[in-house]
>>> print(open('data.cif').read())   # mmCIF, C-alpha atoms
data_protein
loop_
_atom_site.label_atom_id
_atom_site.label_comp_id
_atom_site.auth_asym_id
_atom_site.auth_seq_id
_atom_site.Cartn_x
_atom_site.Cartn_y
_atom_site.Cartn_z
CA MET A 1 43.25 -14.58 22.81
CA ASN A 2 40.34 -16.22 21.01
CA TRP A 3 39.82 -14.30 17.74
CA GLU A 4 36.21 -15.52 17.54
CA GLU A 5 35.32 -13.27 20.46
CA ASN A 6 35.38 -10.32 18.04
CA VAL A 7 33.44 -11.94 15.20
CA ARG A 8 29.95 -10.60 14.48
CA LYS A 9 27.73 -13.64 14.74
CA VAL A 10 24.19 -13.72 13.37
CA VAL A 11 21.67 -16.36 12.36
CA PRO A 12 21.40 -15.81 8.59
CA TYR A 13 18.31 -15.58 6.43
CA VAL A 14 17.45 -18.89 4.76
CA ALA A 15 16.24 -18.46 1.19
CA GLY A 16 13.86 -20.83 -0.56
CA GLU A 17 15.33 -23.98 -2.04
CA GLN A 18 16.65 -23.56 -5.60
CA PRO A 19 16.37 -27.01 -7.22
CA ASN A 20 17.33 -27.56 -10.84
CA LYS A 21 15.56 -30.60 -12.24
CA GLN A 22 13.88 -31.36 -15.52
CA ASN A 23 10.08 -31.19 -15.46
CA MET A 24 9.98 -29.88 -11.90
CA ILE A 25 7.38 -27.33 -10.78
CA LYS A 26 9.04 -24.58 -8.76
CA LEU A 27 6.46 -22.74 -6.67
CA ASN A 28 8.56 -21.91 -3.60
CA THR A 29 10.30 -18.57 -4.23
CA ASN A 30 7.56 -16.31 -5.65
CA GLU A 31 9.34 -15.82 -8.96
CA CYS A 32 7.36 -14.72 -11.99
CA PRO A 33 6.45 -17.70 -14.23
CA TYR A 34 6.68 -15.59 -17.38
CA PRO A 35 9.74 -14.09 -19.11
CA PRO A 36 10.70 -10.41 -18.89
CA ALA A 37 9.35 -7.93 -21.42
CA PRO A 38 10.25 -8.74 -25.05
CA GLY A 39 12.37 -5.60 -25.29
CA VAL A 40 14.53 -6.83 -22.42
CA GLU A 41 15.29 -10.09 -24.21
CA LYS A 42 16.02 -8.31 -27.48
CA LEU A 43 18.34 -5.78 -25.84
CA ALA A 44 20.14 -8.48 -23.82
CA ALA A 45 20.82 -10.50 -26.97
CA GLY A 46 22.49 -7.56 -28.67
CA MET A 47 24.33 -6.15 -25.68
CA ASN A 48 27.87 -4.92 -26.28
CA CYS A 49 30.08 -6.89 -23.91
CA ASP A 50 32.99 -4.50 -24.46
CA ALA A 51 31.17 -2.05 -22.19
CA LEU A 52 31.58 -4.50 -19.29
CA ARG A 53 35.22 -3.43 -18.89
CA LEU A 54 33.96 -0.03 -17.69
CA TYR A 55 32.47 0.86 -14.33
CA PRO A 56 28.69 1.28 -14.41
CA ASP A 57 26.95 4.58 -13.70
CA SER A 58 27.30 4.80 -9.92
CA ASN A 59 24.17 6.98 -9.74
CA THR A 60 22.14 4.53 -11.88
CA THR A 61 20.85 7.70 -13.55
CA PRO A 62 18.94 6.22 -16.54
CA LEU A 63 17.07 3.75 -14.35
CA VAL A 64 16.36 6.31 -11.63
CA ASP A 65 15.03 8.72 -14.25
CA ALA A 66 12.86 6.02 -15.87
CA LEU A 67 11.33 5.06 -12.53
CA ALA A 68 10.77 8.70 -11.57
CA GLU A 69 8.92 9.34 -14.82
CA TYR A 70 6.84 6.15 -14.50
CA TYR A 71 5.74 6.90 -10.93
CA GLY A 72 5.40 10.67 -11.38
CA VAL A 73 8.02 11.79 -8.87
CA SER A 74 11.33 13.64 -8.95
CA SER A 75 14.48 11.68 -9.70
CA LYS A 76 15.75 12.94 -6.33
CA GLN A 77 13.01 10.86 -4.71
CA VAL A 78 14.19 7.52 -6.16
CA PHE A 79 16.88 5.20 -4.80
CA VAL A 80 17.93 2.04 -6.66
CA GLY A 81 19.64 -1.00 -5.17
CA VAL A 82 20.65 -4.58 -5.93
CA GLY A 83 17.24 -6.09 -5.29
CA SER A 84 14.85 -4.77 -2.68
CA ASP A 85 16.86 -6.68 -0.06
CA ASP A 86 19.79 -4.34 -0.72
CA VAL A 87 17.49 -1.31 -0.54
CA LEU A 88 15.98 -2.52 2.74
CA ALA A 89 19.38 -3.32 4.26
CA MET A 90 20.58 0.19 3.40
CA ALA A 91 17.41 1.64 4.89
CA PHE A 92 17.89 -0.31 8.15
CA LEU A 93 21.47 0.94 8.36
CA THR A 94 20.51 4.52 7.54
CA PHE A 95 17.30 5.11 9.49
CA PHE A 96 17.09 2.67 12.40
CA ASN A 97 19.66 4.04 14.82
CA SER A 98 17.58 4.79 17.89
CA ASP A 99 17.97 3.01 21.22
CA LYS A 100 14.23 2.29 21.01
CA PRO A 101 13.11 -0.92 19.27
CA ILE A 102 11.88 -0.94 15.71
CA LEU A 103 8.51 -2.61 15.22
CA PHE A 104 7.36 -5.17 12.66
CA PRO A 105 4.79 -8.03 12.56
CA ASP A 106 5.48 -11.38 14.21
CA VAL A 107 4.56 -13.21 10.99
CA THR A 108 6.34 -11.41 8.19
CA TYR A 109 9.36 -11.39 5.88
CA SER A 110 12.02 -13.28 7.80
CA PHE A 111 14.90 -11.02 6.74
CA TYR A 112 13.77 -8.17 9.03
CA ASP A 113 15.02 -9.72 12.26
CA VAL A 114 18.23 -10.82 10.49
CA TRP A 115 19.09 -7.24 9.50
CA ALA A 116 18.16 -6.02 12.97
CA ASP A 117 20.53 -8.56 14.55
CA LEU A 118 23.27 -7.83 12.01
CA TYR A 119 23.19 -4.08 12.63
CA ARG A 120 22.55 -4.43 16.38
CA ILE A 121 19.15 -2.76 16.11
CA PRO A 122 16.72 -3.50 18.96
CA TYR A 123 13.38 -4.76 17.71
CA LYS A 124 9.97 -5.88 18.90
CA THR A 125 7.41 -7.92 16.96
CA CYS A 126 3.70 -7.12 17.04
CA ALA A 127 1.35 -10.08 16.73
CA LEU A 128 -0.99 -10.23 13.76
CA ASP A 129 -4.59 -10.81 14.82
CA GLU A 130 -6.43 -14.13 14.46
CA ASN A 131 -7.24 -13.24 10.84
CA TRP A 132 -3.60 -12.39 10.03
CA HIS A 133 -4.16 -8.63 9.93
CA ILE A 134 -2.00 -5.89 11.47
CA CYS A 135 -3.38 -4.26 14.62
CA PRO A 136 -2.62 -0.53 14.10
CA SER A 137 -2.84 0.15 17.84
CA ASP A 138 0.25 -2.03 18.37
CA TYR A 139 2.26 0.51 16.39
CA LYS A 140 1.35 3.44 18.64
CA GLN A 141 3.93 2.60 21.30
CA PRO A 142 7.39 4.24 21.58
CA ASN A 143 9.65 2.93 18.83
CA GLY A 144 12.71 3.64 16.73
CA GLY A 145 11.05 2.95 13.39
CA ILE A 146 8.49 0.70 11.71
CA ILE A 147 8.57 -1.68 8.78
CA PHE A 148 5.91 -3.99 7.37
CA PRO A 149 5.14 -5.58 3.99
CA ASN A 150 1.92 -4.75 2.20
CA PRO A 151 0.69 -7.21 1.02
CA ASN A 152 2.25 -9.16 3.86
CA ALA A 153 4.50 -12.14 3.32
CA PRO A 154 3.90 -15.01 3.76
CA THR A 155 0.17 -14.44 4.34
CA GLY A 156 -0.53 -12.42 1.19
CA LEU A 157 -3.01 -10.16 2.99
CA LEU A 158 -3.31 -6.52 1.95
CA GLU A 159 -3.91 -3.76 4.48
CA SER A 160 -5.97 -0.78 3.35
CA LEU A 161 -4.37 2.62 2.88
CA ASP A 162 -6.44 3.76 5.88
CA VAL A 163 -4.50 1.30 8.07
CA VAL A 164 -1.19 2.40 6.57
CA GLU A 165 -2.03 6.06 7.16
CA GLU A 166 -3.18 5.40 10.73
CA ILE A 167 0.26 3.96 11.47
CA LEU A 168 2.00 6.85 9.70
CA GLU A 169 -0.05 9.48 11.50
CA ALA A 170 0.89 8.01 14.88
CA ASN A 171 4.60 7.84 14.03
CA ARG A 172 5.64 11.10 12.40
CA ASP A 173 8.88 11.22 14.42
CA VAL A 174 10.34 7.96 13.01
CA ILE A 175 10.81 6.41 9.57
CA VAL A 176 8.01 4.10 8.42
CA ILE A 177 8.94 1.67 5.65
CA VAL A 178 6.21 -0.01 3.60
CA ASP A 179 7.67 -3.00 1.75
CA GLU A 180 5.58 -3.40 -1.40
CA ALA A 181 7.27 -6.36 -3.09
CA TYR A 182 3.83 -7.76 -4.07
CA ILE A 183 1.80 -4.59 -4.57
CA ASP A 184 1.43 -5.07 -8.34
CA PHE A 185 -0.79 -8.13 -7.92
CA GLY A 186 -3.92 -6.26 -6.89
CA GLY A 187 -3.06 -3.74 -4.19
CA THR A 188 -3.01 0.05 -4.00
CA SER A 189 0.42 1.49 -3.33
CA ALA A 190 1.19 3.83 -0.44
CA LEU A 191 2.97 6.12 -2.91
CA SER A 192 -0.07 8.40 -2.83
CA LEU A 193 0.76 9.22 0.80
CA LEU A 194 4.26 10.52 0.08
CA GLU A 195 3.25 14.16 -0.28
CA LYS A 196 1.67 14.11 3.17
CA TYR A 197 4.34 12.11 5.04
CA ASP A 198 8.00 12.97 4.56
CA ASN A 199 8.98 10.07 6.85
CA LEU A 200 7.48 7.40 4.54
CA LEU A 201 9.68 5.12 2.44
CA VAL A 202 7.99 2.84 -0.12
CA VAL A 203 10.09 -0.11 -1.34
CA GLN A 204 9.39 -2.16 -4.48
CA THR A 205 11.19 -4.72 -6.64
CA PHE A 206 11.60 -5.97 -10.22
CA SER A 207 11.91 -9.57 -8.98
CA LYS A 208 8.21 -10.47 -8.89
CA SER A 209 5.93 -8.58 -11.25
CA ARG A 210 8.65 -7.55 -13.72
CA ALA A 211 10.16 -11.08 -13.96
CA MET A 212 13.75 -9.99 -13.34
CA ALA A 213 14.79 -11.69 -10.11
CA GLY A 214 18.03 -12.80 -11.74
CA LEU A 215 19.15 -9.22 -12.40
CA ARG A 216 18.56 -8.04 -8.81
CA ILE A 217 16.82 -4.68 -9.14
CA GLY A 218 15.02 -3.02 -6.27
CA PHE A 219 14.10 0.58 -5.57
CA CYS A 220 12.43 2.85 -3.09
CA ILE A 221 10.65 6.18 -3.32
CA GLY A 222 10.48 8.76 -0.56
CA SER A 223 11.07 12.41 0.17
CA GLU A 224 14.17 14.03 -1.30
CA LYS A 225 15.67 14.29 2.19
CA LEU A 226 15.21 10.56 2.90
CA ILE A 227 16.70 9.57 -0.45
CA GLY A 228 19.60 11.94 0.12
CA TYR A 229 20.43 10.25 3.40
CA LEU A 230 20.20 6.82 1.76
CA ASN A 231 22.59 7.85 -0.99
CA ASP A 232 25.06 9.19 1.57
CA VAL A 233 25.17 5.77 3.24
CA LYS A 234 25.28 3.90 -0.09
CA PHE A 235 28.24 5.94 -1.33
CA SER A 236 30.00 5.38 1.98
CA PHE A 237 29.48 1.64 1.57
CA ASN A 238 29.93 0.83 -2.13
CA SER A 239 29.65 3.31 -5.00
CA TYR A 240 29.13 0.73 -7.76
CA THR A 241 26.42 -1.52 -6.39
CA MET A 242 24.38 -2.08 -9.56
CA ASN A 243 25.98 -3.56 -12.68
CA MET A 244 25.57 -2.07 -16.14
CA PRO A 245 23.34 -4.82 -17.66
CA SER A 246 20.86 -4.52 -14.79
CA GLN A 247 20.64 -0.78 -15.27
CA VAL A 248 20.15 -0.94 -19.04
CA LEU A 249 17.70 -3.84 -19.01
CA GLY A 250 15.83 -2.37 -16.06
CA VAL A 251 15.07 0.76 -18.09
CA GLU A 252 13.76 -1.40 -20.93
CA ALA A 253 11.45 -3.27 -18.53
CA VAL A 254 9.94 -0.01 -17.25
CA LYS A 255 9.22 1.13 -20.81
CA ASP A 256 6.90 -1.78 -21.62
CA ASP A 257 3.96 -1.02 -19.38
CA ALA A 258 1.51 -2.99 -21.53
CA TYR A 259 3.47 -6.22 -21.11
CA PHE A 260 3.87 -5.56 -17.38
CA LYS A 261 0.12 -5.21 -16.92
CA GLU A 262 -0.62 -8.19 -19.15
CA THR A 263 1.70 -10.42 -17.11
CA THR A 264 0.40 -9.34 -13.71
CA GLY A 265 -3.14 -9.72 -15.03
CA LYS A 266 -2.49 -13.33 -16.04
CA ILE A 267 -1.03 -14.14 -12.61
CA ILE A 268 -4.00 -12.54 -10.84
CA ALA A 269 -6.47 -14.52 -12.98
CA THR A 270 -4.65 -17.78 -12.28
CA ARG A 271 -4.48 -16.98 -8.57
CA GLU A 272 -8.23 -16.44 -8.31
CA ARG A 273 -8.96 -19.68 -10.17
CA VAL A 274 -6.54 -21.65 -7.98
CA LYS A 275 -8.11 -20.21 -4.83
CA LYS A 276 -11.44 -21.77 -5.81
CA GLU A 277 -9.87 -25.13 -6.64
CA LEU A 278 -7.89 -25.27 -3.39
CA LYS A 279 -11.03 -24.50 -1.39
CA GLU A 280 -12.80 -27.40 -3.10
CA LEU A 281 -9.94 -29.64 -1.94
CA GLY A 282 -10.35 -28.62 1.71
CA PHE A 283 -7.77 -25.84 1.92
CA SER A 284 -8.30 -22.52 3.64
CA PHE A 285 -6.15 -19.38 3.37
CA PRO A 286 -6.13 -15.62 3.82
CA ASP A 287 -7.46 -13.74 0.80
CA SER A 288 -4.13 -13.26 -0.96
CA MET A 289 -3.43 -10.15 -3.01
CA ALA A 290 0.09 -11.33 -3.86
CA ASN A 291 1.48 -13.85 -6.35
CA PHE A 292 1.11 -16.71 -3.88
CA VAL A 293 -1.43 -18.38 -1.60
CA PHE A 294 -0.77 -19.24 2.06
CA ALA A 295 -2.80 -22.42 2.45
CA SER A 296 -3.54 -24.96 5.17
CA HIS A 297 -5.62 -28.13 4.81
CA GLU A 298 -8.52 -29.03 7.08
CA ASN A 299 -7.23 -32.57 7.69
CA VAL A 300 -3.72 -33.15 6.34
CA PRO A 301 -0.72 -31.50 8.08
CA ALA A 302 1.17 -29.00 5.94
CA GLU A 303 4.54 -30.66 6.49
CA LYS A 304 3.27 -33.98 5.13
CA ILE A 305 1.80 -32.28 2.06
CA PHE A 306 5.08 -30.43 1.58
CA LYS A 307 7.09 -33.66 1.65
CA ALA A 308 4.70 -35.46 -0.68
CA LEU A 309 4.86 -32.60 -3.17
CA ARG A 310 8.64 -32.48 -2.95
CA GLU A 311 8.93 -36.18 -3.73
CA ALA A 312 6.93 -35.45 -6.88
CA ASP A 313 9.31 -32.57 -7.77
CA ILE A 314 6.71 -29.95 -6.94
CA TYR A 315 8.34 -27.37 -4.69
CA VAL A 316 6.40 -25.10 -2.33
CA ARG A 317 7.58 -23.24 0.79
CA TYR A 318 7.13 -24.56 4.33
CA TRP A 319 8.33 -23.12 7.64
CA ASN A 320 8.42 -25.09 10.87
CA LYS A 321 7.77 -21.98 12.96
CA PRO A 322 5.12 -21.00 15.54
CA ARG A 323 1.75 -19.93 14.10
CA ILE A 324 2.66 -20.86 10.51
CA ASN A 325 3.80 -24.49 10.79
CA ASN A 326 0.56 -25.80 9.33
CA SER A 327 0.57 -23.63 6.21
CA LEU A 328 2.23 -23.81 2.81
CA ARG A 329 3.14 -20.81 0.72
CA ILE A 330 2.34 -21.73 -2.87
CA THR A 331 3.63 -19.42 -5.61
CA ILE A 332 1.27 -18.87 -8.52
CA GLY A 333 2.88 -20.35 -11.63
CA THR A 334 1.57 -20.74 -15.15
CA ASP A 335 -1.86 -22.26 -15.69
CA GLU A 336 -0.20 -25.50 -16.78
CA GLU A 337 1.95 -25.65 -13.62
CA MET A 338 -1.01 -24.97 -11.37
CA ASP A 339 -3.08 -27.60 -13.19
CA ARG A 340 -0.37 -30.16 -12.42
CA LEU A 341 -0.32 -29.11 -8.77
CA ILE A 342 -4.09 -29.38 -8.43
CA ALA A 343 -4.15 -32.73 -10.23
CA PHE A 344 -1.51 -34.11 -7.86
CA LEU A 345 -3.41 -32.90 -4.81
CA LYS A 346 -6.68 -34.40 -6.07
CA GLN A 347 -4.99 -37.74 -6.58
CA GLU A 348 -2.69 -37.90 -3.56
CA LEU A 349 -4.22 -35.91 -0.67
CA GLY A 350 -6.36 -38.83 0.45
CA LYS A 351 -3.34 -41.17 0.43
CA ILE A 352 -1.20 -39.08 2.81
CA GLU A 353 -1.17 -40.55 6.31
CA VAL A 354 -2.49 -38.07 8.85
#
>>> encode(input="data.cif", output="C-alpha cells")
Amino acid sequence: MNWEENVRKVVPYVAGEQPNKQNMIKLNTNECPYPPAPGVEKLAAGMNCDALRLYPDSNTTPLVDALAEYYGVSSKQVFVGVGSDDVLAMAFLTFFNSDKPILFPDVTYSFYDVWADLYRIPYKTCALDENWHICPSDYKQPNGGIIFPNPNAPTGLLESLDVVEEILEANRDVIVIVDEAYIDFGGTSALSLLEKYDNLLVVQTFSKSRAMAGLRIGFCIGSEKLIGYLNDVKFSFNSYTMNMPSQVLGVEAVKDDAYFKETTGKIIATRERVKKELKELGFSFPDSMANFVFASHENVPAEKIFKALREADIYVRYWNKPRINNSLRITIGTDEEMDRLIAFLKQELGKIEV
C-alpha cells in the first residue's frame, strides 16, 4: 500500500520574501515601518520571564476585554487568534461547511483558496470589474458563505458600506466575513453593521496598523452566537493558541490610541504623497486606502521593474498571475524609504529594457 494515498495534499500559501540585508528597503510584506507603541517596548523590556513557565490564559481574557472596551462591544463578541490568519482559518473551519461553494473575489488575498482546499470547502471566485471593484450582484447566487477583504488586497480599493450591506442583505442565511486587515488606513469599518446582521464577522489584525506582526495577534468581532461557535472549535483544536507575551503586550498596544492614530496618520500622509510621485513617473494604480499601492507602469513591464528593484535591495511584491502580472504591490514605508524608492525609479526606469 502506498501511504501517500492518504496524505492531505494542498498547494500552500507563499508568503512575501523575508530578506535580511543591511541598508535594504523592505516594501513587500505590508509591515508597519514604525515601532509599536512606546508602552509596548517599555513593558517588553521589563517582562518577567519566570512567568513563561506557566500556561497563558487560554481565554485571552485581558486582551479580549481591552478590545471589547475599545470597540464598544461585549467581551462575548470578541475572538482572539494568532494573527488574523489563525482567526480566518478557524472561521473557515467553523462556518463554511455547506455543500454549496463559498464566494470570494478572483483577485484577493491568496490564502482564501488555500484554506478552502485544505478543509475541502468548495469555492467559486467572482471577477472584480475592470476598475477592480466588487460586483455585488455576483454575490446574490446560491452559496455556502462569503469572504472578502475591505480594503481589498492586493488592489487596496475600499468598498463602501453600502456595497457591504447589499451583500449582507442578500445573504442572511450564510456567514459573511469582512476581512479588514487594512481598514485603519482610511476606511470605515463594517463594525457598525453588527447590530443589524448577526451573520457578519469582522476580522482585523495588529500586524499592520499596530506594528506588531512579530507577535501574531488577530481578532474578530461578531454576534455572541458566532463567537461562541468559534470558541467551541478553537478549544477543540488547541486551548493555548496565544502566548503570554502577545496577550500582555497586545493590551498595552490597545491602550495607546494616540500613538496608534499618529502612526496610521503618518502612513496615510506618505501614501498620498507617493501616489502623486508615482503618477508623475508614469505609474497608474487603484486609489489605495491601505498601507500599500498596487502600481503598473505605462511602458515598463512590472516584472522587469521588480527585478531591477530587487538587484538594488529594494523589495516589493510581484505575482506572475492572470490579471495582476503587470502590477507591483508597494508597501508604504517611512518617508526616507519611499524617497529612496522614488529616486531609484527616477534614475533607472528609463534604463530598463522593455
>>> resolve_selection(input="data.cif", expression="the PyMOL selection byres ((chain A and resi 60) around 12)", output="PDB file with C-alpha atoms, keeping the file's coordinate frame")
ATOM      1  CA  TYR A  55      32.470   0.860 -14.330  1.00  0.00           C
ATOM      2  CA  PRO A  56      28.690   1.280 -14.410  1.00  0.00           C
ATOM      3  CA  ASP A  57      26.950   4.580 -13.700  1.00  0.00           C
ATOM      4  CA  SER A  58      27.300   4.800  -9.920  1.00  0.00           C
ATOM      5  CA  ASN A  59      24.170   6.980  -9.740  1.00  0.00           C
ATOM      6  CA  THR A  61      20.850   7.700 -13.550  1.00  0.00           C
ATOM      7  CA  PRO A  62      18.940   6.220 -16.540  1.00  0.00           C
ATOM      8  CA  LEU A  63      17.070   3.750 -14.350  1.00  0.00           C
ATOM      9  CA  VAL A  64      16.360   6.310 -11.630  1.00  0.00           C
ATOM     10  CA  ASP A  65      15.030   8.720 -14.250  1.00  0.00           C
ATOM     11  CA  ALA A  66      12.860   6.020 -15.870  1.00  0.00           C
ATOM     12  CA  LEU A  67      11.330   5.060 -12.530  1.00  0.00           C
ATOM     13  CA  SER A  75      14.480  11.680  -9.700  1.00  0.00           C
ATOM     14  CA  LYS A  76      15.750  12.940  -6.330  1.00  0.00           C
ATOM     15  CA  VAL A  78      14.190   7.520  -6.160  1.00  0.00           C
ATOM     16  CA  PHE A  79      16.880   5.200  -4.800  1.00  0.00           C
ATOM     17  CA  VAL A  80      17.930   2.040  -6.660  1.00  0.00           C
ATOM     18  CA  GLY A  81      19.640  -1.000  -5.170  1.00  0.00           C
ATOM     19  CA  VAL A  82      20.650  -4.580  -5.930  1.00  0.00           C
ATOM     20  CA  ILE A 217      16.820  -4.680  -9.140  1.00  0.00           C
ATOM     21  CA  GLY A 218      15.020  -3.020  -6.270  1.00  0.00           C
ATOM     22  CA  PHE A 219      14.100   0.580  -5.570  1.00  0.00           C
ATOM     23  CA  ASN A 231      22.590   7.850  -0.990  1.00  0.00           C
ATOM     24  CA  SER A 239      29.650   3.310  -5.000  1.00  0.00           C
ATOM     25  CA  TYR A 240      29.130   0.730  -7.760  1.00  0.00           C
ATOM     26  CA  THR A 241      26.420  -1.520  -6.390  1.00  0.00           C
ATOM     27  CA  MET A 242      24.380  -2.080  -9.560  1.00  0.00           C
ATOM     28  CA  ASN A 243      25.980  -3.560 -12.680  1.00  0.00           C
ATOM     29  CA  MET A 244      25.570  -2.070 -16.140  1.00  0.00           C
ATOM     30  CA  PRO A 245      23.340  -4.820 -17.660  1.00  0.00           C
ATOM     31  CA  SER A 246      20.860  -4.520 -14.790  1.00  0.00           C
ATOM     32  CA  GLN A 247      20.640  -0.780 -15.270  1.00  0.00           C
ATOM     33  CA  VAL A 248      20.150  -0.940 -19.040  1.00  0.00           C
ATOM     34  CA  LEU A 249      17.700  -3.840 -19.010  1.00  0.00           C
ATOM     35  CA  GLY A 250      15.830  -2.370 -16.060  1.00  0.00           C
ATOM     36  CA  VAL A 251      15.070   0.760 -18.090  1.00  0.00           C
TER      37      VAL A 251
END
>>> resolve_selection(input="data.cif", expression="the PyMOL selection byres ((chain A and resi 343-353) around 8)", output="PyMOL selection string")
chain A and resi 281+300+304-305+308+339-342+354
>>> atom_distance(input="data.cif", atom1="CA of Ser327 in chain A", atom2="CA of Glu298 in chain A")
10.6 Å
>>> residues_around(input="data.cif", residues="Pro101 in chain A", least_positions_apart="4", cutoff="7 Å", atoms="only C-alpha atoms", output="JSON, numbers by chain")
{"A": [122, 123, 124, 143, 144]}
>>> residues_near_point(input="data.cif", point="(18.1, 4.0, 6.0)", cutoff="9 Å", atoms="all atoms listed in the file", output="MDAnalysis selection string")
chainID A and resid 87:97 175 226:227 229:230 233
>>> resolve_selection(input="data.cif", expression="the PyMOL selection byres ((chain A and resi 198) around 9)", output="number ranges by chain")
A: 172, 175, 193-197, 199-201, 222-226
>>> atom_distance(input="data.cif", atom1="CA of Ala15 in chain A", atom2="CA of Val174 in chain A")
29.5 Å
>>> closest_residue(input="data.cif", among="A:Pro12, A:Leu157, A:Lys140, A:Asp85", to="Val114 in chain A", atoms="only C-alpha atoms")
A:Pro12
